[in-house]
Amino acid sequence: MNVENHDYRNHLRDLHDECKNHMYYHVTLTMTDGSTFDGIIENVDMDNITVLAGEDVMERESEGDESDTRQYYGPFGRPRRRFRRFRRRGFPLASLAALALLPYIAPPPYPYYPYPYYY
């Protein structure tokens, strides 16, 4: 058995186990070609991974009544709204180079406001 082949299989097994541990989490996926994207791991089998990949969608200009936007948002109209949707995509496990949890930063707690005490 070739050492390189053994290392490759160990790497795939490690990625498979890591994907299984992070199922249903929002993760960042890095592919072997260097591209990265985020998504939610939905299914993992021995050869493939199914991900709900996030994509940004902008609102079209033609939606809505033009006179209505000028009335409420001034002469320039309202800014275009951005939406986020997820589409199911499948990838071969061999094309996955790295997997990381998407870092969410918890907001700091509210500072204590010193209310005056009246007795």
# chains A, B, ... in the order shown; residues from 1 in each chain; ligands from 1

call {"tool": "residues_around", "arguments": {"residues": "Leu93 in chain A", "least_positions_apart": "4", "cutoff": "8 Å", "atoms": "only C-alpha atoms", "output": "ChimeraX atom specification"}}
result
/A:12,15-16,46-49

call {"tool": "write_last_selection", "arguments": {"atoms": "C-alpha atoms", "output": "PDB file, in the first residue's frame"}}
result
ATOM      1  CA  LEU A  12     -10.961  11.897   3.371  1.00  0.00           C
ATOM      2  CA  LEU A  15     -13.125  15.272   6.491  1.00  0.00           C
ATOM      3  CA  HIS A  16     -16.056  12.843   6.450  1.00  0.00           C
ATOM      4  CA  MET A  46     -18.978   8.303   1.821  1.00  0.00           C
ATOM      5  CA  ASP A  47     -18.424  10.145  -1.494  1.00  0.00           C
ATOM      6  CA  ASN A  48     -20.622  13.261  -1.510  1.00  0.00           C
ATOM      7  CA  ILE A  49     -21.739  16.100   0.703  1.00  0.00           C
TER       8      ILE A  49
END

call {"tool": "residues_around", "arguments": {"residues": "Val27 in chain A", "least_positions_apart": "6", "cutoff": "7 Å", "atoms": "only C-alpha atoms", "output": "PyMOL selection string"}}
result
chain A and resi 38-40+99-102

call {"tool": "residues_around", "arguments": {"residues": "Met23 in chain A", "least_positions_apart": "3", "cutoff": "9 Å", "atoms": "only C-alpha atoms", "output": "mmCIF file with N, CA and C atoms, in the first residue's frame"}}
result
data_model
loop_
_atom_site.group_PDB
_atom_site.id
_atom_site.type_symbol
_atom_site.label_atom_id
_atom_site.label_comp_id
_atom_site.auth_asym_id
_atom_site.auth_seq_id
_atom_site.Cartn_x
_atom_site.Cartn_y
_atom_site.Cartn_z
ATOM 1 N N GLU A 18 -15.516 14.979 10.229
ATOM 2 C CA GLU A 18 -15.726 16.377 10.600
ATOM 3 C C GLU A 18 -17.050 16.899 10.029
ATOM 4 N N CYS A 19 -17.370 16.505 8.804
ATOM 5 C CA CYS A 19 -18.648 16.908 8.207
ATOM 6 C C CYS A 19 -19.821 16.294 8.965
ATOM 7 N N LYS A 20 -19.678 15.046 9.393
ATOM 8 C CA LYS A 20 -20.729 14.393 10.177
ATOM 9 C C LYS A 20 -20.936 15.117 11.514
ATOM 10 N N HIS A 26 -24.046 26.034 10.387
ATOM 11 C CA HIS A 26 -23.657 26.975 9.347
ATOM 12 C C HIS A 26 -22.132 27.005 9.302
ATOM 13 N N ILE A 40 -25.122 25.277 4.993
ATOM 14 C CA ILE A 40 -25.534 24.384 6.067
ATOM 15 C C ILE A 40 -25.420 22.962 5.553
ATOM 16 N N ILE A 41 -24.645 22.126 6.238
ATOM 17 C CA ILE A 41 -24.467 20.739 5.808
ATOM 18 C C ILE A 41 -25.752 19.985 6.096
ATOM 19 N N GLU A 42 -26.304 19.391 5.043
ATOM 20 C CA GLU A 42 -27.577 18.694 5.181
ATOM 21 C C GLU A 42 -27.412 17.176 5.189
ATOM 22 N N ASN A 43 -26.505 16.655 4.368
ATOM 23 C CA ASN A 43 -26.341 15.216 4.270
ATOM 24 C C ASN A 43 -24.889 14.900 3.919
ATOM 25 N N VAL A 44 -24.375 13.831 4.490
ATOM 26 C CA VAL A 44 -23.012 13.393 4.209
ATOM 27 C C VAL A 44 -23.042 11.893 3.973
#

call {"tool": "residues_around", "arguments": {"residues": "Arg89 in chain A", "least_positions_apart": "5", "cutoff": "7 Å", "atoms": "only C-alpha atoms", "output": "PyMOL selection string"}}
result
chain A and resi 50-53
